[in-house]
file work.txt (compact mmCIF, C-alpha atoms)
# COMPACT_ATOMS: atom_id res chain seq x y z
CA MET X 1 174.48 184.11 103.93
CA ALA X 2 172.97 183.05 107.24
CA LEU X 3 174.58 179.96 108.75
CA ILE X 4 172.57 176.99 109.99
CA ASN X 5 172.86 175.59 113.50
CA GLU X 6 175.02 172.67 112.44
CA HIS X 7 173.97 170.56 115.40
CA PHE X 8 170.70 169.97 113.53
CA LEU X 9 172.73 168.28 110.80
CA LYS X 10 173.79 165.65 113.32
CA LEU X 11 170.21 164.49 113.90
CA GLN X 12 169.24 161.15 112.44
CA LYS X 13 167.32 161.53 109.17
CA ASN X 14 163.88 160.92 110.59
CA TYR X 15 162.09 160.89 113.90
CA LEU X 16 161.28 157.28 114.87
CA PHE X 17 157.54 157.60 114.43
CA ALA X 18 157.95 159.32 111.05
CA ASP X 19 159.91 156.26 109.89
CA ILE X 20 157.13 153.98 111.10
CA ALA X 21 154.48 156.06 109.32
CA LYS X 22 156.40 155.86 106.03
CA LYS X 23 156.72 152.09 106.23
CA VAL X 24 153.05 151.65 107.14
CA ASN X 25 151.94 153.94 104.32
CA ALA X 26 154.08 152.00 101.85
CA PHE X 27 152.41 148.79 103.01
CA LYS X 28 148.94 150.30 102.63
CA VAL X 29 149.71 151.43 99.08
CA SER X 30 150.77 147.92 98.08
CA HIS X 31 147.97 146.29 100.10
CA PRO X 32 145.00 148.69 99.68
CA LYS X 33 142.45 146.21 101.08
CA ALA X 34 144.40 145.44 104.26
CA ASN X 35 142.82 146.54 107.55
CA VAL X 36 145.87 147.65 109.51
CA ILE X 37 145.62 147.87 113.32
CA SER X 38 148.07 150.24 114.97
CA LEU X 39 149.41 149.37 118.40
CA GLY X 40 152.58 151.34 117.78
CA ILE X 41 152.18 155.06 118.36
CA GLY X 42 150.86 155.85 121.83
CA ASP X 43 147.88 158.00 120.88
CA VAL X 44 144.65 157.57 122.83
CA THR X 45 141.33 156.41 121.37
CA GLN X 46 138.76 157.00 124.10
CA PRO X 47 136.87 160.33 124.07
CA LEU X 48 137.27 163.04 126.66
CA CYS X 49 135.27 162.35 129.81
CA PRO X 50 131.93 164.18 130.35
CA ALA X 51 133.27 166.43 133.14
CA VAL X 52 136.00 167.72 130.83
CA ILE X 53 133.61 168.26 127.92
CA GLU X 54 131.22 170.20 130.15
CA ALA X 55 134.05 172.41 131.44
CA MET X 56 135.26 173.10 127.90
CA HIS X 57 131.78 174.07 126.72
CA LYS X 58 131.47 176.47 129.64
CA ALA X 59 134.92 177.90 128.88
CA VAL X 60 133.95 178.48 125.26
CA ASP X 61 130.79 180.28 126.46
CA ASP X 62 133.02 182.43 128.69
CA MET X 63 134.99 183.48 125.63
CA ALA X 64 131.76 184.59 123.93
CA THR X 65 130.94 187.30 126.47
CA LYS X 66 132.74 190.53 127.19
CA LYS X 67 132.47 189.98 130.94
CA ASN X 68 134.09 186.53 130.99
CA PHE X 69 136.39 186.77 127.95
CA HIS X 70 140.01 185.75 128.55
CA GLY X 71 142.92 186.99 126.45
CA TYR X 72 146.55 186.37 127.28
CA GLY X 73 146.76 184.33 130.45
CA PRO X 74 149.67 184.03 132.88
CA GLU X 75 152.60 182.20 131.29
CA GLN X 76 152.89 180.03 134.40
CA GLY X 77 149.24 178.95 134.18
CA TYR X 78 146.13 180.19 135.95
CA ILE X 79 146.43 180.09 139.72
CA TRP X 80 143.21 178.08 140.12
CA LEU X 81 144.67 175.20 138.09
CA ARG X 82 148.06 175.31 139.78
CA GLU X 83 146.39 175.23 143.20
CA ALA X 84 144.23 172.29 142.11
CA ILE X 85 147.36 170.44 141.00
CA VAL X 86 149.08 170.98 144.35
CA LYS X 87 145.95 169.97 146.28
CA ASN X 88 145.12 166.83 144.29
CA ASP X 89 148.34 165.46 142.80
CA PHE X 90 150.77 166.10 145.65
CA LEU X 91 149.22 166.81 149.05
CA PRO X 92 147.54 163.36 149.25
CA ARG X 93 151.04 161.87 148.90
CA GLY X 94 152.47 164.03 151.66
CA ILE X 95 154.25 166.34 149.19
CA HIS X 96 154.06 170.06 149.98
CA LEU X 97 154.56 172.33 146.98
CA ASP X 98 153.92 175.99 146.36
CA ALA X 99 151.71 176.92 143.41
CA ASN X 100 154.62 179.06 142.13
CA GLU X 101 156.62 175.85 141.69
CA ILE X 102 154.07 174.64 139.11
CA PHE X 103 154.33 175.69 135.46
CA VAL X 104 151.39 174.73 133.23
CA ASN X 105 152.39 173.85 129.67
CA ASP X 106 151.01 172.48 126.41
CA GLY X 107 152.07 168.91 127.21
CA ALA X 108 155.15 167.31 128.71
CA LYS X 109 156.93 166.88 125.37
CA SER X 110 157.58 170.62 125.02
CA ASP X 111 159.11 171.07 128.44
CA THR X 112 161.16 167.86 128.43
CA GLY X 113 162.63 169.06 125.14
CA ASN X 114 163.20 172.65 126.27
CA ILE X 115 164.39 172.15 129.84
CA GLY X 116 167.99 171.64 128.71
CA GLU X 117 168.18 175.36 127.93
CA LEU X 118 168.65 175.99 131.65
CA ILE X 119 171.86 173.93 131.80
CA ARG X 120 175.15 174.78 130.08
CA TRP X 121 175.68 173.05 126.75
CA ASP X 122 178.84 171.30 127.98
CA ASN X 123 177.23 169.59 130.99
CA SER X 124 177.42 165.80 130.91
CA MET X 125 174.24 163.73 130.70
CA ALA X 126 173.03 160.21 131.37
CA VAL X 127 169.96 158.43 130.01
CA THR X 128 168.32 155.10 130.55
CA ASP X 129 168.54 152.89 127.48
CA PRO X 130 166.02 152.39 125.89
CA ILE X 131 164.67 155.93 126.15
CA TYR X 132 162.04 158.30 124.74
CA PRO X 133 163.84 159.84 121.71
CA VAL X 134 162.97 163.46 122.54
CA TYR X 135 165.35 163.48 125.52
CA ILE X 136 168.41 162.83 123.37
CA ASP X 137 167.34 164.60 120.18
CA SER X 138 166.70 167.88 122.02
CA ASN X 139 170.22 167.69 123.44
CA VAL X 140 171.66 166.94 120.01
CA MET X 141 170.07 170.19 118.81
CA ASN X 142 171.96 172.28 121.37
CA GLY X 143 175.28 170.50 120.88
CA ARG X 144 175.38 168.58 124.15
CA ALA X 145 175.23 165.01 122.81
CA GLY X 146 178.47 164.96 120.84
CA VAL X 147 178.95 162.77 117.76
CA PHE X 148 176.82 159.81 116.68
CA GLU X 149 178.98 156.70 116.32
CA ASN X 150 177.97 153.03 116.22
CA GLY X 151 174.45 153.80 117.36
CA ARG X 152 175.48 155.95 120.33
CA TRP X 153 176.18 159.60 121.07
CA SER X 154 179.73 160.18 122.27
CA ASN X 155 178.89 162.57 125.13
CA VAL X 156 175.97 160.57 126.51
CA THR X 157 176.25 158.01 129.31
CA TYR X 158 173.88 155.15 128.47
CA MET X 159 172.42 153.08 131.29
CA PRO X 160 171.16 149.84 129.69
CA CYS X 161 167.90 148.39 131.00
CA ASP X 162 167.30 144.84 129.87
CA GLU X 163 166.62 141.33 131.13
CA SER X 164 170.08 141.03 132.66
CA ASN X 165 169.34 143.74 135.26
CA GLU X 166 165.56 143.29 135.34
CA PHE X 167 165.23 146.65 133.56
CA VAL X 168 166.58 148.56 136.55
CA PRO X 169 169.16 151.19 135.49
CA GLN X 170 172.49 151.02 137.26
CA ILE X 171 173.98 154.10 138.92
CA PRO X 172 176.91 155.43 136.80
CA ASP X 173 180.40 154.75 138.13
CA HIS X 174 181.31 158.39 137.41
CA ARG X 175 179.77 161.80 137.92
CA VAL X 176 177.19 163.20 135.47
CA ASP X 177 175.44 166.57 135.59
CA MET X 178 172.05 165.71 134.07
CA ILE X 179 170.04 162.50 134.47
CA TYR X 180 166.87 161.61 132.53
CA LEU X 181 164.50 159.18 134.23
CA CYS X 182 160.98 158.24 133.07
CA TYR X 183 158.76 156.11 135.32
CA PRO X 184 156.52 154.34 134.63
CA ASN X 185 158.90 153.93 131.74
CA ASN X 186 158.29 154.68 128.12
CA PRO X 187 158.96 152.39 126.26
CA THR X 188 159.42 149.38 128.58
CA GLY X 189 156.39 149.90 130.83
CA MET X 190 158.51 149.07 133.87
CA VAL X 191 158.54 150.94 137.20
CA LEU X 192 161.08 151.78 139.90
CA PRO X 193 160.43 150.89 143.56
CA LYS X 194 161.17 153.51 146.19
CA GLU X 195 164.44 151.94 147.25
CA GLU X 196 165.82 152.22 143.70
CA LEU X 197 164.56 155.76 143.19
CA ARG X 198 166.11 156.72 146.52
CA LYS X 199 169.52 155.62 145.15
CA TRP X 200 169.17 158.13 142.32
CA VAL X 201 168.20 160.98 144.62
CA ASN X 202 171.16 160.21 146.89
CA TYR X 203 173.49 160.06 143.88
CA ALA X 204 172.23 163.42 142.62
CA ILE X 205 172.66 165.04 146.05
CA LYS X 206 176.18 163.66 146.40
CA ASN X 207 177.23 164.74 142.89
CA ASP X 208 175.29 168.01 142.58
CA SER X 209 173.40 166.55 139.63
CA VAL X 210 169.94 167.44 138.30
CA ILE X 211 167.35 164.73 137.65
CA PHE X 212 164.77 165.33 134.92
CA TYR X 213 161.97 163.02 136.01
CA ASP X 214 159.20 162.32 133.50
CA ALA X 215 156.10 161.12 135.36
CA ALA X 216 153.73 161.34 132.39
CA TYR X 217 152.29 157.85 133.06
CA GLU X 218 152.08 157.92 136.86
CA ALA X 219 148.27 157.69 136.81
CA TYR X 220 148.56 154.14 135.44
CA ILE X 221 150.42 152.78 138.46
CA GLN X 222 148.40 149.98 140.07
CA ASP X 223 150.86 148.87 142.75
CA PRO X 224 150.42 151.09 145.85
CA SER X 225 154.08 150.63 146.84
CA ILE X 226 155.37 152.30 143.67
CA PRO X 227 156.02 156.08 143.93
CA HIS X 228 153.97 158.37 141.69
CA SER X 229 156.35 161.29 142.13
CA ILE X 230 160.07 161.56 142.75
CA TYR X 231 159.21 164.05 145.51
CA GLU X 232 158.01 161.14 147.60
CA ILE X 233 161.73 160.59 148.19
CA ARG X 234 163.30 162.74 150.89
CA GLY X 235 165.71 165.30 149.43
CA ALA X 236 164.36 165.10 145.87
CA ARG X 237 163.18 168.72 145.95
CA LYS X 238 166.84 169.77 145.99
CA VAL X 239 167.80 167.87 142.84
CA ALA X 240 164.78 167.03 140.67
CA ILE X 241 162.49 168.62 138.08
CA GLU X 242 159.31 166.65 137.39
CA PHE X 243 157.13 166.58 134.27
CA HIS X 244 153.44 165.66 134.12
CA SER X 245 150.99 165.35 131.25
CA TYR X 246 147.23 165.06 130.86
CA SER X 247 147.67 163.50 127.40
CA LYS X 248 147.48 159.87 128.46
CA THR X 249 145.93 160.49 131.88
CA ALA X 250 142.78 162.15 130.52
CA GLY X 251 143.00 161.85 126.74
CA PHE X 252 144.41 165.34 126.15
CA THR X 253 146.62 164.43 123.16
CA GLY X 254 144.50 166.80 121.03
CA ILE X 255 143.83 169.34 123.80
CA ARG X 256 147.46 169.90 124.92
CA CYS X 257 147.99 170.52 128.60
CA GLY X 258 150.41 169.35 131.27
CA TYR X 259 152.74 170.86 133.84
CA THR X 260 156.30 170.97 135.10
CA VAL X 261 157.42 171.19 138.73
CA ILE X 262 160.59 173.14 139.58
CA PRO X 263 161.06 173.36 143.37
CA LYS X 264 162.58 176.53 144.77
CA GLU X 265 165.19 174.47 146.66
CA LEU X 266 166.75 173.29 143.39
CA GLN X 267 169.98 175.20 142.73
CA VAL X 268 172.75 175.00 140.15
CA SER X 269 176.12 176.68 140.00
CA THR X 270 178.00 179.05 137.71
CA ILE X 271 181.58 178.21 136.75
CA ASP X 272 182.86 180.46 139.54
CA GLY X 273 180.70 178.70 142.13
CA GLN X 274 177.76 181.08 142.51
CA LEU X 275 174.50 179.23 143.29
CA HIS X 276 171.24 180.12 141.56
CA GLN X 277 167.69 178.81 141.84
CA LEU X 278 166.41 177.31 138.59
CA ASN X 279 162.78 178.22 139.32
CA PRO X 280 163.04 181.95 138.50
CA PHE X 281 165.12 181.23 135.40
CA TRP X 282 162.48 178.87 134.03
CA ASP X 283 159.87 181.48 134.85
CA ARG X 284 161.91 184.03 132.86
CA ARG X 285 162.31 181.60 129.99
CA GLN X 286 158.58 180.88 129.82
CA CYS X 287 157.67 184.57 129.94
CA THR X 288 160.00 185.14 126.98
CA LYS X 289 159.25 182.11 124.80
CA PHE X 290 155.80 180.87 125.82
CA ASN X 291 152.45 182.67 125.79
CA GLY X 292 150.76 180.21 128.11
CA THR X 293 148.32 177.34 127.68
CA SER X 294 144.86 178.26 126.43
CA TYR X 295 142.15 179.18 128.92
CA ILE X 296 139.88 176.48 127.49
CA SER X 297 142.51 173.75 127.91
CA GLN X 298 143.22 174.80 131.48
CA ARG X 299 139.53 174.76 132.41
CA ALA X 300 139.40 171.27 130.92
CA ALA X 301 142.35 170.22 133.07
CA GLU X 302 140.79 171.73 136.18
CA ALA X 303 137.69 169.55 135.63
CA ILE X 304 139.82 166.41 136.00
CA TYR X 305 140.15 167.20 139.69
CA THR X 306 136.40 167.38 140.42
CA PRO X 307 134.84 164.30 142.04
CA GLU X 308 133.09 163.45 138.78
CA GLY X 309 136.24 164.07 136.75
CA LYS X 310 138.38 161.86 138.97
CA LYS X 311 135.91 159.00 138.70
CA GLN X 312 135.56 159.30 134.94
CA VAL X 313 139.31 159.52 134.33
CA CYS X 314 139.86 156.42 136.45
CA GLU X 315 137.31 154.57 134.32
CA THR X 316 139.20 155.48 131.14
CA ILE X 317 142.52 154.41 132.65
CA SER X 318 140.93 151.11 133.70
CA TYR X 319 139.75 150.59 130.12
CA TYR X 320 143.30 150.90 128.78
CA MET X 321 144.76 148.76 131.55
CA GLU X 322 142.25 146.03 130.75
CA ASN X 323 143.53 146.20 127.17
CA ALA X 324 147.05 145.80 128.56
CA ARG X 325 145.98 142.77 130.59
CA ILE X 326 144.37 141.09 127.58
CA MET X 327 147.44 141.74 125.43
CA ARG X 328 149.93 140.67 128.09
CA GLU X 329 148.13 137.40 128.86
CA THR X 330 147.58 136.54 125.18
CA LEU X 331 151.16 137.23 124.11
CA THR X 332 152.54 135.31 127.09
CA ARG X 333 150.32 132.35 126.22
CA LEU X 334 151.70 132.49 122.68
CA GLY X 335 155.20 132.00 124.05
CA LEU X 336 156.49 135.57 123.90
CA LYS X 337 158.38 137.21 126.75
CA VAL X 338 156.40 140.27 127.81
CA TYR X 339 157.40 143.03 130.22
CA GLY X 340 155.44 146.04 131.44
CA GLY X 341 151.69 146.34 130.97
CA GLU X 342 150.97 146.03 134.71
CA ASN X 343 151.66 149.57 135.94
CA ALA X 344 151.82 151.27 132.56
CA PRO X 345 149.98 151.26 129.22
CA TYR X 346 153.04 149.95 127.37
CA LEU X 347 154.16 146.37 126.76
CA TRP X 348 157.80 145.60 125.97
CA VAL X 349 157.94 142.36 124.01
CA LYS X 350 161.03 140.33 123.16
CA THR X 351 161.27 139.28 119.53
CA LEU X 352 161.43 135.62 118.62
CA ASP X 353 164.70 133.85 117.88
CA GLY X 354 166.78 137.00 118.21
CA THR X 355 165.12 138.69 115.24
CA ASP X 356 166.15 142.34 115.04
CA SER X 357 163.50 144.93 115.91
CA TRP X 358 162.85 146.41 112.46
CA ARG X 359 162.70 142.97 110.88
CA PHE X 360 160.15 141.82 113.48
CA PHE X 361 158.19 145.05 112.90
CA GLU X 362 157.98 144.23 109.18
CA GLN X 363 157.04 140.62 109.82
CA MET X 364 154.21 141.65 112.13
CA LEU X 365 153.01 144.27 109.66
CA TYR X 366 153.04 142.02 106.60
CA ASN X 367 151.87 138.81 108.27
CA ALA X 368 149.38 140.13 110.84
CA GLN X 369 148.69 143.68 109.60
CA VAL X 370 149.51 144.96 113.08
CA VAL X 371 151.79 147.94 113.72
CA CYS X 372 154.25 147.89 116.62
CA THR X 373 157.22 150.13 117.43
CA PRO X 374 160.74 148.68 116.92
CA GLY X 375 162.58 148.73 120.23
CA VAL X 376 165.91 149.77 118.72
CA GLY X 377 164.29 153.09 117.83
CA PHE X 378 164.45 153.90 121.55
CA GLY X 379 168.16 153.14 121.87
CA PRO X 380 170.79 150.38 121.45
CA ALA X 381 169.45 148.32 124.39
CA GLY X 382 166.06 148.22 122.67
CA GLU X 383 167.34 145.95 119.93
CA GLY X 384 165.53 142.64 119.98
CA TYR X 385 162.33 144.12 121.45
CA ILE X 386 159.18 145.84 120.23
CA ARG X 387 156.78 148.16 122.04
CA LEU X 388 153.01 147.74 121.95
CA THR X 389 150.55 150.25 123.39
CA ALA X 390 147.27 149.54 125.14
CA PHE X 391 145.63 152.75 123.89
CA GLY X 392 143.63 151.07 121.13
CA GLU X 393 139.96 150.19 120.96
CA ARG X 394 139.10 147.00 122.85
CA GLU X 395 137.95 145.11 119.76
CA ASP X 396 141.04 146.20 117.83
CA CYS X 397 143.27 144.91 120.64
CA LYS X 398 141.49 141.57 120.65
CA GLU X 399 141.60 141.29 116.87
CA ALA X 400 145.29 142.20 116.84
CA MET X 401 146.02 139.45 119.37
CA ARG X 402 144.03 136.96 117.27
CA ARG X 403 146.01 137.88 114.13
CA ILE X 404 149.35 137.69 115.91
CA GLY X 405 148.36 134.30 117.27
CA GLU X 406 147.50 132.99 113.82
CA TRP X 407 150.75 134.33 112.38
CA LEU X 408 152.91 132.79 115.11
CA MET X 409 151.11 129.44 114.95
CA ILE X 410 151.59 129.28 111.19
CA GLY X 411 155.31 129.82 111.69
CA LYS X 412 155.63 126.85 114.00
call {"tool": "encode", "arguments": {"input": "work.txt", "output": "structure tokens"}}
result
Amino acid sequence: MALINEHFLKLQKNYLFADIAKKVNAFKVSHPKANVISLGIGDVTQPLCPAVIEAMHKAVDDMATKKNFHGYGPEQGYIWLREAIVKNDFLPRGIHLDANEIFVNDGAKSDTGNIGELIRWDNSMAVTDPIYPVYIDSNVMNGRAGVFENGRWSNVTYMPCDESNEFVPQIPDHRVDMIYLCYPNNPTGMVLPKEELRKWVNYAIKNDSVIFYDAAYEAYIQDPSIPHSIYEIRGARKVAIEFHSYSKTAGFTGIRCGYTVIPKELQVSTIDGQLHQLNPFWDRRQCTKFNGTSYISQRAAEAIYTPEGKKQVCETISYYMENARIMRETLTRLGLKVYGGENAPYLWVKTLDGTDSWRFFEQMLYNAQVVCTPGVGFGPAGEGYIRLTAFGEREDCKEAMRRIGEWLMIGK
């Protein structure tokens, strides 16, 4: 009989958002007339911008003619999109990349989950806490995380981010091989200033570590002093891999497109000390396991970088950030402690009176018919918080705030 990869047996029973869906569905069954508003899962609600739609229609027309038909594309992504990425996302920030350092994908989730294949299973790892669950779960699957005990994985260094340190992760007091950073942060919505990010780059250089830097929400940064890319820090090209996504930037959650940057300067070592670039190994991995992102999706992504596309995407981002402002100001006025929501589409809200996250989730669902995400689902340091997203419709956000206000006032 074939034997299962037993590391999968170590995974927690359900993915966080599957647990939420089950609880919400159970509520809807018992309350069929309730109009539930979801501010929990970070899916977008605004339609694709006109420039993207036009590009997709043209791409579909291309596929209908023998002359312009596209079959298998390059696994790394079409050169015209990779060059547009370099020209628009990096050169304006003084970052010089080669198009061959860009790998187009079907969204950042895939690559953040798969990137650990490049590093030996017994390398040590550190994560901010709270954290996007995919980072840890993907390492559980390959045996790197160890054993789950008392809410923590034994081989993972947790770096708590909470009120006591103003949500700034502290550098470990020991060496680790792999470091996961996500800024603007999911779930807290907080950002790292350049001086803090520089500490991480210096640590990685000193300790020969690799930083996996998830910049999926960089387009939401409003403060001009906050870095959009880790490559704005000198030396980062030697130690960092960066992930980008069009999902939240341009509403591509249903289109699927993003990209990963692996600089050619980034090297890792074999046990006997031989140095190897990671870039060609990721290229080899993609050519073996990935058939490339669809032509239509890549043409859609290319349209984001046109003058019209840039303007329209900025308008959509402004819409969501106005939602965040409304939510942040309302919840603060109601007496809740709210973090994030200024440079990111996420709000990190402290529960009242020390109520645990899942209990507060249930109270909000049953008393206000509003869905949030329990903070503890993102890690031990998330206990006592919930996450709200600003990706809803404007009227739904306003109505949700009204309901939460009524619920909290009744409880006083």
call {"tool": "residues_around", "arguments": {"input": "work.txt", "residues": "Gly382 of chain X", "least_positions_apart": "3", "cutoff": "10 Å", "atoms": "all atoms listed in the file", "output": "ChimeraX atom specification"}}
result
/X:129-131,160-162,187-188,348,350,356-357,374-379,385-387
call {"tool": "residues_around", "arguments": {"input": "work.txt", "residues": "Val176 of chain X", "least_positions_apart": "6", "cutoff": "8 Å", "atoms": "all atoms listed in the file", "output": "ChimeraX atom specification"}}
result
/X:123-126,207,209
call {"tool": "write_last_selection", "arguments": {"input": "work.txt", "atoms": "C-alpha atoms", "output": "compact mmCIF listing (two decimals), in the frame of the given file"}}
result
# COMPACT_ATOMS: atom_id res chain seq x y z
CA ASN X 123 177.23 169.59 130.99
CA SER X 124 177.42 165.80 130.91
CA MET X 125 174.24 163.73 130.70
CA ALA X 126 173.03 160.21 131.37
CA ASN X 207 177.23 164.74 142.89
CA SER X 209 173.40 166.55 139.63
call {"tool": "closest_residue", "arguments": {"input": "work.txt", "among": "X:Ile326, X:Val191, X:Cys314, X:Val261", "to": "Asp223 of chain X", "atoms": "only C-alpha atoms"}}
result
X:Val191
call {"tool": "closest_residue", "arguments": {"input": "work.txt", "among": "X:Ala21, X:Leu9, X:Leu181, X:Ile221", "to": "Ala240 of chain X", "atoms": "only C-alpha atoms"}}
result
X:Leu181
call {"tool": "closest_residue", "arguments": {"input": "work.txt", "among": "X:Ala250, X:Cys372, X:Val168, X:Leu278", "to": "Val349 of chain X", "atoms": "all atoms listed in the file"}}
result
X:Cys372
call {"tool": "closest_residue", "arguments": {"input": "work.txt", "among": "X:Asn185, X:Asn291, X:Asn202, X:Ser247", "to": "Ala108 of chain X", "atoms": "only C-alpha atoms"}}
result
X:Ser247
call {"tool": "atom_distance", "arguments": {"input": "work.txt", "atom1": "atom CA of Ala368 of chain X", "atom2": "atom CA of Thr253 of chain X"}}
result
27.4 Å
call {"tool": "build_atoms", "arguments": {"input": "work.txt", "residues": "segment 131-156 of chain X", "atoms": "N, CA and C atoms", "output": "mmCIF file, in the coordinates of the input"}}
result
data_model
loop_
_atom_site.group_PDB
_atom_site.id
_atom_site.type_symbol
_atom_site.label_atom_id
_atom_site.label_comp_id
_atom_site.auth_asym_id
_atom_site.auth_seq_id
_atom_site.Cartn_x
_atom_site.Cartn_y
_atom_site.Cartn_z
ATOM 1 N N ILE X 131 165.098 154.630 125.652
ATOM 2 C CA ILE X 131 164.670 155.930 126.150
ATOM 3 C C ILE X 131 163.755 156.597 125.126
ATOM 4 N N TYR X 132 162.876 157.468 125.599
ATOM 5 C CA TYR X 132 162.040 158.300 124.740
ATOM 6 C C TYR X 132 162.950 159.191 123.903
ATOM 7 N N PRO X 133 162.862 159.152 122.575
ATOM 8 C CA PRO X 133 163.840 159.840 121.710
ATOM 9 C C PRO X 133 163.982 161.329 121.929
ATOM 10 N N VAL X 134 162.922 162.008 122.380
ATOM 11 C CA VAL X 134 162.970 163.460 122.540
ATOM 12 C C VAL X 134 164.080 163.891 123.506
ATOM 13 N N TYR X 135 164.338 163.098 124.538
ATOM 14 C CA TYR X 135 165.350 163.480 125.520
ATOM 15 C C TYR X 135 166.711 163.673 124.856
ATOM 16 N N ILE X 136 167.096 162.736 124.018
ATOM 17 C CA ILE X 136 168.410 162.830 123.370
ATOM 18 C C ILE X 136 168.379 163.819 122.213
ATOM 19 N N ASP X 137 167.364 163.742 121.362
ATOM 20 C CA ASP X 137 167.340 164.600 120.180
ATOM 21 C C ASP X 137 167.377 166.079 120.545
ATOM 22 N N SER X 138 166.688 166.467 121.609
ATOM 23 C CA SER X 138 166.700 167.880 122.020
ATOM 24 C C SER X 138 168.091 168.297 122.479
ATOM 25 N N ASN X 139 168.852 167.368 123.035
ATOM 26 C CA ASN X 139 170.220 167.690 123.440
ATOM 27 C C ASN X 139 171.189 167.676 122.266
ATOM 28 N N VAL X 140 170.877 166.883 121.243
ATOM 29 C CA VAL X 140 171.660 166.940 120.010
ATOM 30 C C VAL X 140 171.537 168.338 119.403
ATOM 31 N N MET X 141 170.338 168.896 119.428
ATOM 32 C CA MET X 141 170.070 170.190 118.810
ATOM 33 C C MET X 141 170.870 171.323 119.440
ATOM 34 N N ASN X 142 171.191 171.205 120.733
ATOM 35 C CA ASN X 142 171.960 172.280 121.370
ATOM 36 C C ASN X 142 173.433 171.934 121.525
ATOM 37 N N GLY X 143 173.862 170.829 120.916
ATOM 38 C CA GLY X 143 175.280 170.500 120.880
ATOM 39 C C GLY X 143 175.809 169.737 122.066
ATOM 40 N N ARG X 144 174.936 169.235 122.920
ATOM 41 C CA ARG X 144 175.380 168.580 124.150
ATOM 42 C C ARG X 144 175.709 167.099 123.945
ATOM 43 N N ALA X 145 175.138 166.467 122.925
ATOM 44 C CA ALA X 145 175.230 165.010 122.810
ATOM 45 C C ALA X 145 176.526 164.513 122.170
ATOM 46 N N GLY X 146 177.224 165.384 121.459
ATOM 47 C CA GLY X 146 178.470 164.960 120.840
ATOM 48 C C GLY X 146 178.284 164.445 119.427
ATOM 49 N N VAL X 147 178.957 163.337 119.110
ATOM 50 C CA VAL X 147 178.950 162.770 117.760
ATOM 51 C C VAL X 147 178.280 161.394 117.791
ATOM 52 N N PHE X 148 177.504 161.096 116.753
ATOM 53 C CA PHE X 148 176.820 159.810 116.680
ATOM 54 C C PHE X 148 177.726 158.771 116.033
ATOM 55 N N GLU X 149 178.094 157.750 116.803
ATOM 56 C CA GLU X 149 178.980 156.700 116.320
ATOM 57 C C GLU X 149 178.509 155.347 116.814
ATOM 58 N N ASN X 150 178.359 154.401 115.872
ATOM 59 C CA ASN X 150 177.970 153.030 116.220
ATOM 60 C C ASN X 150 176.703 152.980 117.069
ATOM 61 N N GLY X 151 175.731 153.830 116.698
ATOM 62 C CA GLY X 151 174.450 153.800 117.360
ATOM 63 C C GLY X 151 174.383 154.525 118.695
ATOM 64 N N ARG X 152 175.445 155.244 119.045
ATOM 65 C CA ARG X 152 175.480 155.950 120.330
ATOM 66 C C ARG X 152 176.036 157.357 120.148
ATOM 67 N N TRP X 153 175.639 158.253 121.055
ATOM 68 C CA TRP X 153 176.180 159.600 121.070
ATOM 69 C C TRP X 153 177.377 159.649 122.010
ATOM 70 N N SER X 154 178.448 160.266 121.557
ATOM 71 C CA SER X 154 179.730 160.180 122.270
ATOM 72 C C SER X 154 179.714 160.837 123.643
ATOM 73 N N ASN X 155 178.896 161.864 123.847
ATOM 74 C CA ASN X 155 178.890 162.570 125.130
ATOM 75 C C ASN X 155 177.733 162.170 126.040
ATOM 76 N N VAL X 156 177.105 161.048 125.727
ATOM 77 C CA VAL X 156 175.970 160.570 126.510
ATOM 78 C C VAL X 156 176.343 159.291 127.243
#
